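K.L.:
File final-v9.txt below, compact mmCIF, C-alpha atoms:
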# COMPACT_ATOMS: atom_id res chain seq x y z
CA MET G 1 95.14 65.49 -123.08
CA SER G 2 94.79 62.85 -120.42
CA ASP G 3 91.61 61.04 -119.39
CA THR G 4 90.92 63.50 -116.56
CA GLU G 5 92.37 66.95 -115.99
CA SER G 6 91.82 69.83 -113.62
CA VAL G 7 92.33 73.47 -114.56
CA ILE G 8 92.12 76.45 -112.22
CA LEU G 9 91.10 79.77 -113.78
CA ASP G 10 91.18 83.20 -112.16
CA GLU G 11 87.79 84.90 -112.42
CA ASP G 12 89.70 88.00 -113.52
CA GLU G 13 90.29 86.21 -116.83
CA MET G 14 86.57 86.60 -117.56
CA GLU G 15 86.01 90.07 -116.13
CA ASN G 16 84.01 91.27 -119.14
CA HIS G 17 81.17 88.78 -118.61
CA PRO G 18 78.11 89.87 -116.55
CA ASN G 19 78.26 86.69 -114.43
CA ASN G 20 81.82 87.34 -113.34
CA TYR G 21 81.94 86.77 -109.56
CA ASN G 22 78.16 86.30 -109.55
CA GLY G 23 76.10 83.24 -110.46
CA TRP G 24 76.32 80.98 -113.46
CA SER G 25 74.77 81.16 -116.86
CA ARG G 26 75.16 78.64 -119.64
CA GLU G 27 77.37 81.07 -121.58
CA TYR G 28 79.60 81.80 -118.58
CA ALA G 29 80.11 78.09 -117.81
CA GLN G 30 80.86 77.41 -121.49
CA MET G 31 83.36 80.27 -121.53
CA ALA G 32 85.12 78.72 -118.52
CA VAL G 33 85.29 75.34 -120.29
CA LEU G 34 86.68 76.89 -123.48
CA LYS G 35 89.34 78.77 -121.50
CA ALA G 36 90.25 75.54 -119.67
CA LEU G 37 90.52 73.67 -122.99
CA SER G 38 92.88 76.32 -124.32
CA LYS G 39 95.07 75.94 -121.22
CA MET G 40 95.04 72.16 -121.79
CA GLU G 41 96.17 72.93 -125.35
CA TYR G 42 93.17 71.15 -126.83
CA ILE G 43 93.25 71.77 -130.56
CA THR G 44 90.41 70.89 -132.92
CA VAL G 45 89.45 71.87 -136.43
CA ASN G 46 85.77 72.04 -135.45
CA PRO G 47 84.32 74.24 -132.72
CA VAL G 48 83.43 72.56 -129.43
CA GLU G 49 79.74 71.64 -129.52
CA PHE G 50 78.02 71.77 -126.12
CA THR G 51 75.13 69.32 -125.82
CA ARG G 52 74.04 69.49 -122.16
CA TYR G 53 74.18 71.97 -119.33
CA SER G 54 72.97 71.84 -115.75
CA CYS G 55 73.79 73.81 -112.60
CA VAL G 56 72.70 72.98 -109.08
CA THR G 57 73.44 74.27 -105.60
CA ILE G 58 74.32 71.16 -103.63
CA ASP G 59 73.66 72.78 -100.24
CA PRO G 60 70.98 75.51 -100.41
CA ASP G 61 72.49 77.26 -97.35
CA ARG G 62 75.86 77.61 -99.10
CA SER G 63 75.82 79.48 -102.39
CA TRP G 64 79.44 78.48 -103.04
CA SER G 65 78.35 74.84 -103.34
CA GLU G 66 76.96 75.44 -106.84
CA VAL G 67 78.34 73.07 -109.47
CA CYS G 68 77.75 73.09 -113.22
CA TYR G 69 77.86 70.07 -115.49
CA LEU G 70 78.51 70.49 -119.21
CA GLU G 71 78.68 67.86 -121.92
CA THR G 72 80.25 68.19 -125.34
CA LYS G 73 80.12 65.94 -128.37
CA THR G 74 83.88 65.83 -128.09
CA PRO G 75 86.21 65.88 -126.14
CA GLY G 76 84.13 64.93 -123.05
CA TYR G 77 82.23 66.33 -120.07
CA PHE G 78 83.09 68.92 -117.43
CA PHE G 79 82.28 69.94 -113.88
CA VAL G 80 82.70 73.66 -113.21
CA MET G 81 82.68 75.27 -109.77
CA ARG G 82 83.97 78.30 -107.87
CA ASP G 83 86.15 78.21 -104.81
CA MET G 84 86.24 80.86 -102.10
CA ALA G 85 89.39 82.49 -103.48
CA ASP G 86 88.00 83.93 -106.75
CA HIS G 87 88.97 80.89 -108.80
CA ILE G 88 86.98 78.69 -111.12
CA ASN G 89 87.82 74.99 -111.06
CA VAL G 90 87.16 73.04 -114.25
CA ILE G 91 87.33 69.26 -114.11
CA TYR G 92 87.53 67.51 -117.49
CA ASN G 93 86.67 63.85 -118.12
CA ARG G 94 87.02 62.31 -121.56
CA TRP G 95 84.37 60.19 -123.18
CA ASP G 96 85.15 56.46 -123.32
Take the structure in this file and express it as structure tokens.

P.N.:
Amino acid sequence: MSDTESVILDEDEMENHPNNYNGWSREYAQMAVLKALSKMEYITVNPVEFTRYSCVTIDPDRSWSEVCYLETKTPGYFFVMRDMADHINVIYNRWD
């Protein structure tokens, strides 16, 4: 994996979760990160341990401006957001 990567997921990939197409929960954001890591072919012997989670709507008048931030012990931290075309964008940054 490189220092920074971007992965685009289709929300259809997570259709069985109650937050699909609607809001964010910690579990839904973590699921998106885990799916992104699998697409980046991140392989580890240990499970990914999430240490921090936060979601905020940047512009209260625009629900689509919600962004989630997730930290892991390893491999790094992530920003997760939706676009207006039923996609989830996951931005990965490695720890230094």

K.L.:
List as a PyMOL selection string the protein and nucleic acid residues near Leu9 of chain G, meaning an atom at most 10 Å away when all atoms listed in the file are counted, but skip any in the same chain fewer than 4 places from it.

P.N.:
chain G and resi 13-14+32-33+35-36+39+82+86-90

K.L.:
Those selected residues, please, written with C-alpha atoms and delivered as a compact mmCIF listing (two decimals), keeping the file's coordinate frame.

P.N.:
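Saved file part_33.txt follows:
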# COMPACT_ATOMS: atom_id res chain seq x y z
CA GLU G 13 90.29 86.21 -116.83
CA MET G 14 86.57 86.60 -117.56
CA ALA G 32 85.12 78.72 -118.52
CA VAL G 33 85.29 75.34 -120.29
CA LYS G 35 89.34 78.77 -121.50
CA ALA G 36 90.25 75.54 -119.67
CA LYS G 39 95.07 75.94 -121.22
CA ARG G 82 83.97 78.30 -107.87
CA ASP G 86 88.00 83.93 -106.75
CA HIS G 87 88.97 80.89 -108.80
CA ILE G 88 86.98 78.69 -111.12
CA ASN G 89 87.82 74.99 -111.06
CA VAL G 90 87.16 73.04 -114.25

K.L.:
Which is closer to Arg94 of chain G than all the others in G:Pro75, G:Leu34, G:Val80, G:Glu49, using only C-alpha atoms?

P.N.:
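Distance minimum relative to Arg94 of chain G lands on G:Pro75.
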
K.L.:
For Ala85 of chain G, please output as a ChimeraX atom specification all residues within 12 Å (counting only C-alpha atoms; exclusion window: fewer than 4 positions along the same chain).

P.N.:
/G:8-12,21,64,81,89

K.L.:
Export C-alpha atoms of the chosen residues as a PDB file, in the frame of the given file?

P.N.:
ATOM      1  CA  ILE G   8      92.120  76.450-112.220  1.00  0.00           C
ATOM      2  CA  LEU G   9      91.100  79.770-113.780  1.00  0.00           C
ATOM      3  CA  ASP G  10      91.180  83.200-112.160  1.00  0.00           C
ATOM      4  CA  GLU G  11      87.790  84.900-112.420  1.00  0.00           C
ATOM      5  CA  ASP G  12      89.700  88.000-113.520  1.00  0.00           C
ATOM      6  CA  TYR G  21      81.940  86.770-109.560  1.00  0.00           C
ATOM      7  CA  TRP G  64      79.440  78.480-103.040  1.00  0.00           C
ATOM      8  CA  MET G  81      82.680  75.270-109.770  1.00  0.00           C
ATOM      9  CA  ASN G  89      87.820  74.990-111.060  1.00  0.00           C
TER      10      ASN G  89
END

K.L.:
For the atom pair atom CA of Ser63 of chain G and atom CA of Ser38 of chain G, what is the interatomic distance in Å to one decimal place?

P.N.:
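It comes out at 28.0 Å.
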
K.L.:
Using all atoms listed in the file, determine which residues lie at most 10 Å from Asn93 of chain G, disregarding the query and same-chain residues fewer than 5 positions distant; provide the list as a list in words.

P.N.:
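In the requested form, the answer reads Met1, Ser2, Asp3, Thr4, Glu5, Ser6, Glu71, Pro75, Gly76, Tyr77, Phe78 and Phe79 of chain G.
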
K.L.:
Have a look at G:Tyr28, G:Thr74, G:Asp83, G:Asp96 and name the one nearest to Thr44 of chain G; count only C-alpha atoms.

P.N.:
G:Thr74

K.L.:
So the first atom is atom CA of Val56 of chain G and the second is atom CA of Trp24 of chain G; what is the distance between them in Å, to one decimal place?

P.N.:
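Interatomic distance, atom CA of Val56 of chain G to atom CA of Trp24 of chain G: 9.8 Å.
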
K.L.:
So how far away is atom CA of Tyr92 of chain G from atom CA of Gly23 of chain G, in Å?

P.N.:
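So the two atoms, atom CA of Gly23 of chain G and atom CA of Tyr92 of chain G, lie 20.7 Å apart.
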
K.L.:
I'd like to know which of G:Lys73, G:Arg52, G:Ile91, G:Asn20 is closest to Met40 of chain G, using only C-alpha atoms.

P.N.:
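Checking each of G:Lys73, G:Arg52, G:Ile91, G:Asn20 against Met40 of chain G, counting only C-alpha atoms, the winner is G:Ile91.
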
K.L.:
Point out the residue among G:Met84, G:Met31, G:Leu70, G:Leu37 with the least atom-to-atom distance to Tyr53 of chain G, counting only C-alpha atoms.

P.N.:
G:Leu70

K.L.:
If we draw a sphere of 6 Å around (73.6, 73.8, -111.9), which residues have at least one atom in it when counting only C-alpha atoms? Please report them as a list in words.

P.N.:
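The residues that fall inside the cut-off are Ser54, Cys55, Val56, Val67 and Cys68 of chain G.
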